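A.B. asks: Hey, dropping model-v8.pdb in here, PDB, C-alpha atoms and all ligand atoms:
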ATOM      1  CA  MET A  25       6.356  56.652 -60.834  1.00  0.00           C
ATOM      2  CA  SER A  26       3.987  56.386 -57.927  1.00  0.00           C
ATOM      3  CA  GLY A  27       4.064  60.103 -57.144  1.00  0.00           C
ATOM      4  CA  SER A  28       3.782  61.785 -60.541  1.00  0.00           C
ATOM      5  CA  SER A  29       0.859  64.114 -61.051  1.00  0.00           C
ATOM      6  CA  ASP A  30      -0.393  62.127 -64.044  1.00  0.00           C
ATOM      7  CA  SER A  31      -0.614  58.965 -62.047  1.00  0.00           C
ATOM      8  CA  ILE A  32      -2.331  60.716 -59.121  1.00  0.00           C
ATOM      9  CA  ALA A  33      -4.900  62.233 -61.481  1.00  0.00           C
ATOM     10  CA  SER A  34      -5.545  58.944 -63.229  1.00  0.00           C
ATOM     11  CA  ARG A  35      -5.806  57.050 -59.950  1.00  0.00           C
ATOM     12  CA  ILE A  36      -8.355  59.561 -58.706  1.00  0.00           C
ATOM     13  CA  GLU A  37     -10.368  59.019 -61.871  1.00  0.00           C
ATOM     14  CA  ASP A  38     -10.193  55.296 -61.325  1.00  0.00           C
ATOM     15  CA  VAL A  39     -11.356  55.516 -57.693  1.00  0.00           C
ATOM     16  CA  LEU A  40     -14.207  57.853 -58.674  1.00  0.00           C
ATOM     17  CA  ALA A  41     -15.307  55.445 -61.412  1.00  0.00           C
ATOM     18  CA  ARG A  42     -15.302  52.604 -58.888  1.00  0.00           C
ATOM     19  CA  ARG A  43     -17.275  54.773 -56.460  1.00  0.00           C
ATOM     20  CA  GLU A  44     -19.819  55.429 -59.170  1.00  0.00           C
ATOM     21  CA  ALA A  45     -20.151  51.750 -60.083  1.00  0.00           C
ATOM     22  CA  ALA A  46     -20.568  50.708 -56.442  1.00  0.00           C
ATOM     23  CA  ALA A  47     -23.123  53.459 -55.846  1.00  0.00           C
ATOM     24  CA  SER A  48     -25.074  52.404 -58.881  1.00  0.00           C
ATOM     25  CA  ARG A  49     -25.114  48.753 -57.724  1.00  0.00           C
ATOM     26  CA  ALA A  50     -26.565  49.983 -54.435  1.00  0.00           C
ATOM     27  CA  GLY A  51     -29.048  52.361 -56.061  1.00  0.00           C
ATOM     28  CA  ARG A  52     -27.326  55.384 -54.523  1.00  0.00           C
ATOM     29  CA  HIS A  53     -26.213  58.686 -55.996  1.00  0.00           C
ATOM     30  CA  PRO A  54     -22.393  58.759 -56.176  1.00  0.00           C
ATOM     31  CA  LEU A  55     -22.248  62.237 -54.643  1.00  0.00           C
ATOM     32  CA  GLU A  56     -23.853  60.902 -51.448  1.00  0.00           C
ATOM     33  CA  ILE A  57     -20.503  59.223 -50.891  1.00  0.00           C
ATOM     34  CA  ARG A  58     -17.777  61.752 -50.223  1.00  0.00           C
ATOM     35  CA  MET A  59     -14.164  60.768 -50.599  1.00  0.00           C
ATOM     36  CA  LEU A  60     -11.576  61.650 -47.991  1.00  0.00           C
ATOM     37  CA  ALA A  61      -8.065  61.423 -49.446  1.00  0.00           C
ATOM     38  CA  VAL A  62      -5.848  60.009 -46.689  1.00  0.00           C
ATOM     39  CA  THR A  63      -2.474  61.749 -46.714  1.00  0.00           C
ATOM     40  CA  LYS A  64      -0.574  60.395 -43.700  1.00  0.00           C
ATOM     41  CA  GLY A  65       3.045  59.923 -44.723  1.00  0.00           C
ATOM     42  CA  ILE A  66       2.426  61.618 -48.092  1.00  0.00           C
ATOM     43  CA  PRO A  67       4.599  64.669 -48.837  1.00  0.00           C
ATOM     44  CA  PRO A  68       2.862  68.036 -49.286  1.00  0.00           C
ATOM     45  CA  ALA A  69       3.824  68.264 -52.980  1.00  0.00           C
ATOM     46  CA  GLN A  70       1.760  65.184 -53.761  1.00  0.00           C
ATOM     47  CA  VAL A  71      -1.160  66.474 -51.720  1.00  0.00           C
ATOM     48  CA  VAL A  72      -1.012  69.668 -53.781  1.00  0.00           C
ATOM     49  CA  GLN A  73      -1.105  67.572 -56.963  1.00  0.00           C
ATOM     50  CA  GLY A  74      -4.141  65.790 -55.607  1.00  0.00           C
ATOM     51  CA  ALA A  75      -5.899  69.075 -54.863  1.00  0.00           C
ATOM     52  CA  ARG A  76      -5.100  70.373 -58.347  1.00  0.00           C
ATOM     53  CA  ALA A  77      -6.573  67.148 -59.725  1.00  0.00           C
ATOM     54  CA  GLY A  78      -9.823  67.828 -57.896  1.00  0.00           C
ATOM     55  CA  LEU A  79      -9.534  66.357 -54.393  1.00  0.00           C
ATOM     56  CA  VAL A  80     -11.258  68.586 -51.829  1.00  0.00           C
ATOM     57  CA  ALA A  81     -10.992  66.720 -48.506  1.00  0.00           C
ATOM     58  CA  PHE A  82      -7.843  65.354 -46.890  1.00  0.00           C
ATOM     59  CA  GLY A  83      -7.437  63.141 -43.833  1.00  0.00           C
ATOM     60  CA  GLU A  84      -4.477  63.131 -41.458  1.00  0.00           C
ATOM     61  CA  ASN A  85      -3.679  60.704 -38.607  1.00  0.00           C
ATOM     62  CA  TYR A  86      -1.196  62.711 -36.559  1.00  0.00           C
ATOM     63  CA  VAL A  87      -1.758  66.230 -35.243  1.00  0.00           C
ATOM     64  CA  LYS A  88       1.796  67.526 -35.706  1.00  0.00           C
ATOM     65  CA  GLU A  89       2.231  66.081 -39.197  1.00  0.00           C
ATOM     66  CA  GLY A  90      -1.237  67.294 -40.116  1.00  0.00           C
ATOM     67  CA  LEU A  91      -0.725  70.875 -38.944  1.00  0.00           C
ATOM     68  CA  GLU A  92       2.589  71.152 -40.758  1.00  0.00           C
ATOM     69  CA  LYS A  93       1.090  69.782 -43.954  1.00  0.00           C
ATOM     70  CA  ILE A  94      -1.966  72.004 -43.758  1.00  0.00           C
ATOM     71  CA  SER A  95       0.190  75.098 -43.642  1.00  0.00           C
ATOM     72  CA  GLN A  96       2.502  73.910 -46.443  1.00  0.00           C
ATOM     73  CA  VAL A  97      -0.309  72.808 -48.729  1.00  0.00           C
ATOM     74  CA  THR A  98      -2.360  75.926 -48.002  1.00  0.00           C
ATOM     75  CA  GLU A  99       0.565  78.121 -48.942  1.00  0.00           C
ATOM     76  CA  SER A 100       1.195  76.244 -52.200  1.00  0.00           C
ATOM     77  CA  LEU A 101      -2.444  76.261 -53.237  1.00  0.00           C
ATOM     78  CA  GLY A 102      -3.042  79.960 -52.691  1.00  0.00           C
ATOM     79  CA  ALA A 103      -6.663  80.927 -53.335  1.00  0.00           C
ATOM     80  CA  LYS A 104      -7.537  77.321 -54.220  1.00  0.00           C
ATOM     81  CA  ALA A 105      -6.904  76.346 -50.579  1.00  0.00           C
ATOM     82  CA  ASP A 106     -10.286  77.814 -49.645  1.00  0.00           C
ATOM     83  CA  GLY A 107     -12.008  74.901 -51.339  1.00  0.00           C
ATOM     84  CA  VAL A 108     -10.070  72.295 -49.361  1.00  0.00           C
ATOM     85  CA  SER A 109     -10.981  70.816 -45.977  1.00  0.00           C
ATOM     86  CA  TRP A 110      -8.907  68.763 -43.550  1.00  0.00           C
ATOM     87  CA  HIS A 111     -10.154  65.943 -41.379  1.00  0.00           C
ATOM     88  CA  PHE A 112      -8.592  64.092 -38.471  1.00  0.00           C
ATOM     89  CA  ILE A 113      -8.811  60.279 -38.543  1.00  0.00           C
ATOM     90  CA  GLY A 114      -6.121  59.093 -36.102  1.00  0.00           C
ATOM     91  CA  LYS A 115      -5.891  58.482 -32.382  1.00  0.00           C
ATOM     92  CA  LEU A 116      -6.432  61.882 -30.752  1.00  0.00           C
ATOM     93  CA  GLN A 117      -4.814  62.431 -27.358  1.00  0.00           C
ATOM     94  CA  ARG A 118      -6.825  64.670 -25.082  1.00  0.00           C
ATOM     95  CA  ASN A 119      -3.916  67.064 -24.692  1.00  0.00           C
ATOM     96  CA  LYS A 120      -3.850  67.585 -28.479  1.00  0.00           C
ATOM     97  CA  ALA A 121      -7.537  68.469 -28.754  1.00  0.00           C
ATOM     98  CA  ARG A 122      -6.616  72.128 -28.310  1.00  0.00           C
ATOM     99  CA  LEU A 123      -4.570  72.001 -31.534  1.00  0.00           C
ATOM    100  CA  ALA A 124      -6.955  69.790 -33.476  1.00  0.00           C
ATOM    101  CA  VAL A 125     -10.125  71.773 -32.880  1.00  0.00           C
ATOM    102  CA  PRO A 126      -9.420  74.816 -35.010  1.00  0.00           C
ATOM    103  CA  ALA A 127      -7.561  72.897 -37.724  1.00  0.00           C
ATOM    104  CA  PHE A 128      -9.811  69.987 -38.668  1.00  0.00           C
ATOM    105  CA  GLU A 129     -13.315  70.402 -40.017  1.00  0.00           C
ATOM    106  CA  LEU A 130     -14.387  66.896 -38.991  1.00  0.00           C
ATOM    107  CA  ILE A 131     -12.767  64.655 -36.375  1.00  0.00           C
ATOM    108  CA  HIS A 132     -13.720  61.075 -37.335  1.00  0.00           C
ATOM    109  CA  SER A 133     -12.053  59.308 -34.434  1.00  0.00           C
ATOM    110  CA  VAL A 134     -13.579  60.451 -31.143  1.00  0.00           C
ATOM    111  CA  ASP A 135     -13.237  57.333 -29.003  1.00  0.00           C
ATOM    112  CA  THR A 136     -14.076  58.354 -25.411  1.00  0.00           C
ATOM    113  CA  VAL A 137     -16.574  60.620 -23.661  1.00  0.00           C
ATOM    114  CA  PRO A 138     -13.780  62.587 -21.891  1.00  0.00           C
ATOM    115  CA  LEU A 139     -12.190  63.328 -25.281  1.00  0.00           C
ATOM    116  CA  ALA A 140     -15.543  64.594 -26.569  1.00  0.00           C
ATOM    117  CA  LYS A 141     -15.852  66.759 -23.442  1.00  0.00           C
ATOM    118  CA  GLU A 142     -12.387  68.195 -24.027  1.00  0.00           C
ATOM    119  CA  ILE A 143     -13.234  68.967 -27.669  1.00  0.00           C
ATOM    120  CA  ASP A 144     -16.481  70.594 -26.522  1.00  0.00           C
ATOM    121  CA  GLN A 145     -14.591  72.852 -24.111  1.00  0.00           C
ATOM    122  CA  ARG A 146     -11.932  73.777 -26.654  1.00  0.00           C
ATOM    123  CA  ALA A 147     -14.573  74.576 -29.251  1.00  0.00           C
ATOM    124  CA  ALA A 148     -16.543  76.621 -26.702  1.00  0.00           C
ATOM    125  CA  ALA A 149     -13.423  78.647 -25.899  1.00  0.00           C
ATOM    126  CA  ARG A 150     -13.120  79.516 -29.574  1.00  0.00           C
ATOM    127  CA  GLY A 151     -16.798  80.160 -30.027  1.00  0.00           C
ATOM    128  CA  ILE A 152     -17.183  77.443 -32.651  1.00  0.00           C
ATOM    129  CA  THR A 153     -18.972  74.127 -33.047  1.00  0.00           C
ATOM    130  CA  GLN A 154     -16.728  71.177 -33.838  1.00  0.00           C
ATOM    131  CA  GLN A 155     -18.142  68.455 -36.059  1.00  0.00           C
ATOM    132  CA  ILE A 156     -17.262  64.948 -34.869  1.00  0.00           C
ATOM    133  CA  LEU A 157     -17.928  61.258 -35.469  1.00  0.00           C
ATOM    134  CA  LEU A 158     -17.674  58.493 -32.882  1.00  0.00           C
ATOM    135  CA  GLU A 159     -15.268  55.676 -33.659  1.00  0.00           C
ATOM    136  CA  VAL A 160     -16.667  52.212 -33.045  1.00  0.00           C
ATOM    137  CA  ASN A 161     -14.498  49.168 -32.397  1.00  0.00           C
ATOM    138  CA  ILE A 162     -17.000  47.047 -34.194  1.00  0.00           C
ATOM    139  CA  VAL A 163     -15.475  43.614 -33.488  1.00  0.00           C
ATOM    140  CA  GLY A 164     -14.064  44.500 -30.069  1.00  0.00           C
ATOM    141  CA  GLU A 165     -10.423  43.954 -31.034  1.00  0.00           C
ATOM    142  CA  ALA A 166      -8.286  44.510 -27.927  1.00  0.00           C
ATOM    143  CA  SER A 167      -5.640  46.440 -29.870  1.00  0.00           C
ATOM    144  CA  LYS A 168      -8.063  48.926 -31.344  1.00  0.00           C
ATOM    145  CA  ALA A 169      -9.476  52.280 -30.260  1.00  0.00           C
ATOM    146  CA  GLY A 170     -13.161  53.007 -30.276  1.00  0.00           C
ATOM    147  CA  PHE A 171     -16.388  52.513 -28.350  1.00  0.00           C
ATOM    148  CA  THR A 172     -17.848  49.044 -28.174  1.00  0.00           C
ATOM    149  CA  PRO A 173     -21.169  48.805 -30.009  1.00  0.00           C
ATOM    150  CA  ASP A 174     -22.992  48.704 -26.657  1.00  0.00           C
ATOM    151  CA  ALA A 175     -21.129  51.675 -25.214  1.00  0.00           C
ATOM    152  CA  VAL A 176     -21.548  53.911 -28.251  1.00  0.00           C
ATOM    153  CA  VAL A 177     -25.312  54.127 -27.846  1.00  0.00           C
ATOM    154  CA  ALA A 178     -25.030  55.599 -24.336  1.00  0.00           C
ATOM    155  CA  ALA A 179     -22.080  57.749 -25.394  1.00  0.00           C
ATOM    156  CA  ALA A 180     -24.019  59.208 -28.326  1.00  0.00           C
ATOM    157  CA  ARG A 181     -26.766  60.292 -25.967  1.00  0.00           C
ATOM    158  CA  ALA A 182     -24.283  62.028 -23.630  1.00  0.00           C
ATOM    159  CA  ILE A 183     -22.139  63.590 -26.348  1.00  0.00           C
ATOM    160  CA  ASP A 184     -25.051  64.843 -28.413  1.00  0.00           C
ATOM    161  CA  LYS A 185     -26.027  67.032 -25.452  1.00  0.00           C
ATOM    162  CA  MET A 186     -22.699  68.878 -25.534  1.00  0.00           C
ATOM    163  CA  LYS A 187     -23.290  72.349 -26.925  1.00  0.00           C
ATOM    164  CA  HIS A 188     -20.130  72.901 -28.953  1.00  0.00           C
ATOM    165  CA  VAL A 189     -19.869  69.582 -30.745  1.00  0.00           C
ATOM    166  CA  ARG A 190     -22.063  68.519 -33.602  1.00  0.00           C
ATOM    167  CA  LEU A 191     -22.258  64.749 -33.594  1.00  0.00           C
ATOM    168  CA  SER A 192     -22.832  63.729 -37.190  1.00  0.00           C
ATOM    169  CA  GLY A 193     -22.306  59.978 -37.226  1.00  0.00           C
ATOM    170  CA  LEU A 194     -20.072  56.949 -36.734  1.00  0.00           C
ATOM    171  CA  MET A 195     -16.740  55.691 -38.045  1.00  0.00           C
ATOM    172  CA  THR A 196     -15.075  52.295 -38.031  1.00  0.00           C
ATOM    173  CA  VAL A 197     -11.954  50.438 -39.167  1.00  0.00           C
ATOM    174  CA  PRO A 198     -12.751  46.724 -39.444  1.00  0.00           C
ATOM    175  CA  PRO A 199     -10.069  44.049 -38.991  1.00  0.00           C
ATOM    176  CA  LEU A 200      -7.489  43.884 -41.790  1.00  0.00           C
ATOM    177  CA  SER A 201      -8.255  41.276 -44.402  1.00  0.00           C
ATOM    178  CA  ASP A 202      -7.381  40.492 -48.011  1.00  0.00           C
ATOM    179  CA  ASP A 203     -11.010  39.817 -48.815  1.00  0.00           C
ATOM    180  CA  PRO A 204     -13.240  42.924 -48.906  1.00  0.00           C
ATOM    181  CA  GLU A 205     -16.282  40.723 -48.288  1.00  0.00           C
ATOM    182  CA  ASP A 206     -14.929  40.080 -44.775  1.00  0.00           C
ATOM    183  CA  SER A 207     -15.680  43.744 -43.995  1.00  0.00           C
ATOM    184  CA  ARG A 208     -19.297  43.619 -45.139  1.00  0.00           C
ATOM    185  CA  PRO A 209     -20.891  42.352 -41.899  1.00  0.00           C
ATOM    186  CA  HIS A 210     -18.936  44.971 -39.922  1.00  0.00           C
ATOM    187  CA  PHE A 211     -20.035  47.804 -42.212  1.00  0.00           C
ATOM    188  CA  ARG A 212     -23.587  46.563 -41.979  1.00  0.00           C
ATOM    189  CA  ALA A 213     -23.320  46.446 -38.178  1.00  0.00           C
ATOM    190  CA  LEU A 214     -22.145  50.073 -38.127  1.00  0.00           C
ATOM    191  CA  ARG A 215     -25.106  51.106 -40.286  1.00  0.00           C
ATOM    192  CA  GLU A 216     -27.493  49.266 -37.979  1.00  0.00           C
ATOM    193  CA  LEU A 217     -25.971  51.028 -34.962  1.00  0.00           C
ATOM    194  CA  ARG A 218     -26.493  54.393 -36.625  1.00  0.00           C
ATOM    195  CA  ASP A 219     -30.082  53.465 -37.420  1.00  0.00           C
ATOM    196  CA  GLU A 220     -30.680  52.334 -33.840  1.00  0.00           C
ATOM    197  CA  ILE A 221     -29.321  55.605 -32.412  1.00  0.00           C
ATOM    198  CA  ARG A 222     -31.544  57.571 -34.799  1.00  0.00           C
ATOM    199  CA  ARG A 223     -34.598  55.422 -34.124  1.00  0.00           C
ATOM    200  CA  LYS A 224     -34.217  55.870 -30.378  1.00  0.00           C
ATOM    201  CA  GLY A 225     -33.905  59.634 -30.834  1.00  0.00           C
ATOM    202  CA  LEU A 226     -30.517  59.729 -29.076  1.00  0.00           C
ATOM    203  CA  ALA A 227     -28.923  62.174 -31.503  1.00  0.00           C
ATOM    204  CA  ASN A 228     -29.746  65.219 -33.601  1.00  0.00           C
ATOM    205  CA  ASP A 229     -31.096  65.176 -37.157  1.00  0.00           C
ATOM    206  CA  SER A 230     -27.691  65.534 -38.758  1.00  0.00           C
ATOM    207  CA  PHE A 231     -26.538  62.276 -37.152  1.00  0.00           C
ATOM    208  CA  ARG A 232     -26.342  60.208 -40.330  1.00  0.00           C
ATOM    209  CA  ASP A 233     -22.728  59.878 -41.491  1.00  0.00           C
ATOM    210  CA  LEU A 234     -20.976  56.550 -41.819  1.00  0.00           C
ATOM    211  CA  SER A 235     -17.221  56.887 -42.302  1.00  0.00           C
ATOM    212  CA  MET A 236     -16.151  53.454 -43.474  1.00  0.00           C
ATOM    213  CA  GLY A 237     -14.196  51.815 -46.273  1.00  0.00           C
ATOM    214  CA  MET A 238     -10.534  52.190 -47.257  1.00  0.00           C
ATOM    215  CA  THR A 239      -8.520  51.212 -50.355  1.00  0.00           C
ATOM    216  CA  GLY A 240      -9.173  47.501 -49.850  1.00  0.00           C
ATOM    217  CA  ASP A 241     -12.889  47.593 -49.157  1.00  0.00           C
ATOM    218  CA  PHE A 242     -14.462  50.950 -50.064  1.00  0.00           C
ATOM    219  CA  GLU A 243     -16.780  49.491 -52.683  1.00  0.00           C
ATOM    220  CA  VAL A 244     -18.323  47.114 -50.153  1.00  0.00           C
ATOM    221  CA  ALA A 245     -18.607  50.040 -47.719  1.00  0.00           C
ATOM    222  CA  ILE A 246     -20.519  52.050 -50.329  1.00  0.00           C
ATOM    223  CA  GLU A 247     -22.889  49.138 -50.886  1.00  0.00           C
ATOM    224  CA  GLU A 248     -23.506  49.072 -47.126  1.00  0.00           C
ATOM    225  CA  GLY A 249     -24.202  52.794 -46.796  1.00  0.00           C
ATOM    226  CA  ALA A 250     -20.900  54.674 -46.368  1.00  0.00           C
ATOM    227  CA  THR A 251     -21.192  58.466 -46.646  1.00  0.00           C
ATOM    228  CA  TRP A 252     -17.438  59.017 -46.257  1.00  0.00           C
ATOM    229  CA  ILE A 253     -14.844  56.650 -47.692  1.00  0.00           C
ATOM    230  CA  ARG A 254     -11.239  57.141 -46.565  1.00  0.00           C
ATOM    231  CA  VAL A 255      -8.848  56.297 -49.390  1.00  0.00           C
ATOM    232  CA  GLY A 256      -5.063  56.623 -49.273  1.00  0.00           C
ATOM    233  CA  THR A 257      -3.105  53.972 -51.169  1.00  0.00           C
ATOM    234  CA  ALA A 258      -5.447  53.794 -54.169  1.00  0.00           C
ATOM    235  CA  ILE A 259      -4.785  57.508 -54.787  1.00  0.00           C
ATOM    236  CA  PHE A 260      -1.200  58.141 -53.725  1.00  0.00           C
ATOM    237  CA  GLY A 261       0.329  54.686 -54.085  1.00  0.00           C
ATOM    238  CA  PRO A 262       2.070  52.848 -51.247  1.00  0.00           C
ATOM    239  CA  ARG A 263       3.044  55.132 -48.358  1.00  0.00           C
ATOM    240  CA  PRO A 264       6.779  55.754 -47.906  1.00  0.00           C
ATOM    241  CA  VAL A 265       8.176  53.695 -45.067  1.00  0.00           C
ATOM    242  CA  LYS A 266       8.605  55.777 -41.898  1.00  0.00           C
ATOM    243  CA  LYS A 267      12.194  56.608 -41.028  1.00  0.00           C
TER
HETATM  244  C1  LIG A 301      -4.395  54.992 -43.317  1.00  0.00           C
HETATM  245  C2  LIG A 301      -5.864  55.039 -43.075  1.00  0.00           C
HETATM  246  C3  LIG A 301      -6.790  54.981 -44.133  1.00  0.00           C
HETATM  247  C4  LIG A 301      -6.397  54.802 -45.594  1.00  0.00           C
HETATM  248  O1  LIG A 301      -5.883  53.523 -45.817  1.00  0.00           O
HETATM  249  P1  LIG A 301      -5.602  52.992 -47.299  1.00  0.00           P
HETATM  250  O2  LIG A 301      -5.656  51.524 -47.150  1.00  0.00           O
HETATM  251  O3  LIG A 301      -4.255  53.503 -47.685  1.00  0.00           O
HETATM  252  O4  LIG A 301      -6.667  53.506 -48.199  1.00  0.00           O
HETATM  253  C5  LIG A 301      -8.131  55.096 -43.828  1.00  0.00           C
HETATM  254  N1  LIG A 301      -8.560  55.238 -42.548  1.00  0.00           N
HETATM  255  C6  LIG A 301      -7.711  55.294 -41.514  1.00  0.00           C
HETATM  256  C7  LIG A 301      -8.244  55.455 -40.134  1.00  0.00           C
HETATM  257  C8  LIG A 301      -6.334  55.179 -41.740  1.00  0.00           C
HETATM  258  O5  LIG A 301      -5.501  55.216 -40.694  1.00  0.00           O
END
Reformat the file's structure so that it appears as structure tokens.
C.D. replies:
Amino acid sequence: MSGSSDSIASRIEDVLARREAAASRAGRHPLEIRMLAVTKGIPPAQVVQGARAGLVAFGENYVKEGLEKISQVTESLGAKADGVSWHFIGKLQRNKARLAVPAFELIHSVDTVPLAKEIDQRAAARGITQQILLEVNIVGEASKAGFTPDAVVAAARAIDKMKHVRLSGLMTVPPLSDDPEDSRPHFRALRELRDEIRRKGLANDSFRDLSMGMTGDFEVAIEEGATWIRVGTAIFGPRPVKK
């Protein structure tokens, strides 16, 4: 029963124990590594079970699906919904920034300067500051979104100057592989990019987040400095196939 509340609760416990072990190997405090529960394709009822089992941050890949789920889950959770935050981790079209800005606390996947500009304007119109990360295409895969490692340094400088975004770090999705060790050099490269941007003074003091590591490789990501891990399958089981 991949979706029963018992199995979701016990899977969460398992992932948290693995987080703790990886943090301890790296000499880090486990609470430095926040877990984003990735809920694309997962029905609201299971997200509610996850929240009741202690999950506090959820990540969605599609604006429409995300907005619908936020309202359904919020309604089911009642007062408990106040403790829950929603993040956006998918490809964000510029014309959807208007919808994403009020709904998602952190947008992990800002992949162009014009998108950042659009988010800045939408946030300004609402009188808020939108927290964002820049997505880096760390290997330069043609099929993948994100700044190249060279481009992200210049982009960070430009985007950090925008008044209604708070640039708090970098995100990456390394190439798919069965061996988590294959991701290690890419995670390390993302950390080094963050350190370079900080060292050169190109971003504000809160620029320190590294969103990296999924079900297959989150322990390696923690060892290499992740501050957000994005975990779907290990919590909710395999995603239902899209109809
Ligand atoms: C789907 C997704 C995840 C979660 O993947 P799992 O392998 O199920 O943990 C994490 N990050 C992004 C950007 C995703 O699209």
A.B. asks: Which polymer residues have any atom within 9 Å of an atom of Gly90 (chain A), counting only C-alpha atoms, with same-chain residues fewer than 3 positions away left out, as a VMD selection string?
C.D. replies: chain A and resid 63 to 64 83 to 87 93 to 95 110 112 127
A.B. asks: Calculate how many Å separate CA of Asp38 (chain A) from CA of Pro204 (chain A), rounding to one decimal.
C.D. replies: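 For CA of Asp38 (chain A) relative to CA of Pro204 (chain A), the distance reads 17.8 Å.
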A.B. asks: Check every protein, DNA and RNA residue against ligand LIG 301 (chain A), keep those with an atom at most 7 Å away (counting all atoms listed in the file), and present them as a VMD selection string.
C.D. replies: chain A and resid 62 64 85 113 to 114 197 238 to 240 254 to 258
A.B. asks: I want to know what sits within 8 Å of Thr172 (chain A), based on all atoms listed in the file, with residues of the same chain fewer than 2 positions away left out; could you give that as JSON, numbers by chain?
C.D. replies: {"A": [160, 161, 162, 163, 164, 170, 174, 175, 176]}
A.B. asks: Calculate how many Å separate CA of Arg208 (chain A) from CA of Arg52 (chain A), rounding to one decimal.
C.D. replies: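 Computing the Euclidean distance for CA of Arg208 (chain A) and CA of Arg52 (chain A) yields 17.1 Å.
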A.B. asks: I need the residue nearest Ala81 (chain A) from this list: A:Arg35, A:Ile253, A:Ala147, A:Ala45. Use all atoms listed in the file for the distance.
C.D. replies: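 Comparing A:Arg35, A:Ile253, A:Ala147, A:Ala45 against Ala81 (chain A), the winner is A:Ile253.
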A.B. asks: Can you list, as number ranges by chain, the residues that the PyMOL selection byres (((chain A and resi 97-103) around 12) and not hetatm) selects here?
C.D. replies: A: 63, 66-77, 80, 82, 89-96, 104-110, 127
A.B. asks: Have a look at CA of Arg181 (chain A) and CA of His210 (chain A) and let me know their distance in Å, one decimal.
C.D. replies: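 Going from CA of Arg181 (chain A) over to CA of His210 (chain A), I get 22.2 Å.
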A.B. asks: Counting only C-alpha atoms, select every polymer residue within 9 Å of (-20.7, 48.2, -38.9) as defined in the file's coordinates, and provide the selection as a list in words.
C.D. replies: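 All residues meeting the 9 Å criterion around (-20.7, 48.2, -38.9) are Val160, Ile162, Val163, Pro173, Met195, Thr196, Pro198, Ser207, Arg208, Pro209, His210, Phe211, Arg212, Ala213, Leu214, Arg215, Glu216, Leu217, Arg218, Leu234, Met236 and Glu248 of chain A.
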A.B. asks: Would you mind exporting the chosen residues as a short mmCIF file (atom, residue, chain, number, x, y, z; two decimals), in the frame of the given file, restricted to C-alpha atoms?
C.D. replies:
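Writing done, so here's selection38.cif:
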data_model
loop_
_atom_site.label_atom_id
_atom_site.label_comp_id
_atom_site.auth_asym_id
_atom_site.auth_seq_id
_atom_site.Cartn_x
_atom_site.Cartn_y
_atom_site.Cartn_z
CA VAL A 160 -16.67 52.21 -33.04
CA ILE A 162 -17.00 47.05 -34.19
CA VAL A 163 -15.48 43.61 -33.49
CA PRO A 173 -21.17 48.80 -30.01
CA MET A 195 -16.74 55.69 -38.04
CA THR A 196 -15.08 52.30 -38.03
CA PRO A 198 -12.75 46.72 -39.44
CA SER A 207 -15.68 43.74 -44.00
CA ARG A 208 -19.30 43.62 -45.14
CA PRO A 209 -20.89 42.35 -41.90
CA HIS A 210 -18.94 44.97 -39.92
CA PHE A 211 -20.04 47.80 -42.21
CA ARG A 212 -23.59 46.56 -41.98
CA ALA A 213 -23.32 46.45 -38.18
CA LEU A 214 -22.14 50.07 -38.13
CA ARG A 215 -25.11 51.11 -40.29
CA GLU A 216 -27.49 49.27 -37.98
CA LEU A 217 -25.97 51.03 -34.96
CA ARG A 218 -26.49 54.39 -36.62
CA LEU A 234 -20.98 56.55 -41.82
CA MET A 236 -16.15 53.45 -43.47
CA GLU A 248 -23.51 49.07 -47.13
#
A.B. asks: Starting from the PyMOL selection byres (((chain A and resi 193) around 10) and not hetatm), expand the selection into actual residues of this file and give them as a ChimeraX atom specification.
C.D. replies: /A:132,155-159,180,190-192,194-195,214-215,217-218,221-222,227-228,230-235,251
A.B. asks: Considering only C-alpha atoms, can you say which of A:Ile259, A:Ile183, A:Val189, A:Val265 comes closest to Ser31 (chain A)?
C.D. replies: A:Ile259
A.B. asks: Restricting the calculation to all atoms listed in the file, which member of A:Ala178, A:Ile36, A:Ile143, A:Ala47 is positioned closest to Phe128 (chain A)?
C.D. replies: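 Selected residue with least distance to Phe128 (chain A): A:Ile143.
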A.B. asks: Within 10 Å of Arg43 (chain A), counting all atoms listed in the file, which residues show up once you throw out same-chain ones fewer than 4 positions away? Write them as a list of chain:residue names, please.
C.D. replies: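 Selected residues are A:Glu37, A:Asp38, A:Val39, A:Ala47, A:Ser48, A:Arg49, A:His53, A:Pro54, A:Leu55, A:Ile57, A:Arg58, A:Met59, A:Phe242, A:Glu243, A:Val244, A:Ile246, A:Glu247, A:Ile253.
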A.B. asks: For Ala124 (chain A), which residue among A:Ala166, A:Arg42, A:His111, A:Gly237 is the nearest when counting only C-alpha atoms?
C.D. replies: A:His111
A.B. asks: Between A:Gln145, A:Leu226, A:Ala140, A:Ala245, which is the closest to Ala50 (chain A) once you count only C-alpha atoms?
C.D. replies: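 Closest to Ala50 (chain A) of all the choices is A:Ala245.
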A.B. asks: Check the smallest atom-to-atom distance from each of A:Leu200, A:Arg223, A:Trp252, A:Ala179 to Leu130 (chain A) using only C-alpha atoms, then report the winner.
C.D. replies: A:Trp252
A.B. asks: For Gln117 (chain A), work out the shell of residues within 8 Å, counting all atoms listed in the file and skipping chain neighbours fewer than 3 positions away, then give it as an MDAnalysis selection string.
C.D. replies: chainID A and resid 120:121 139
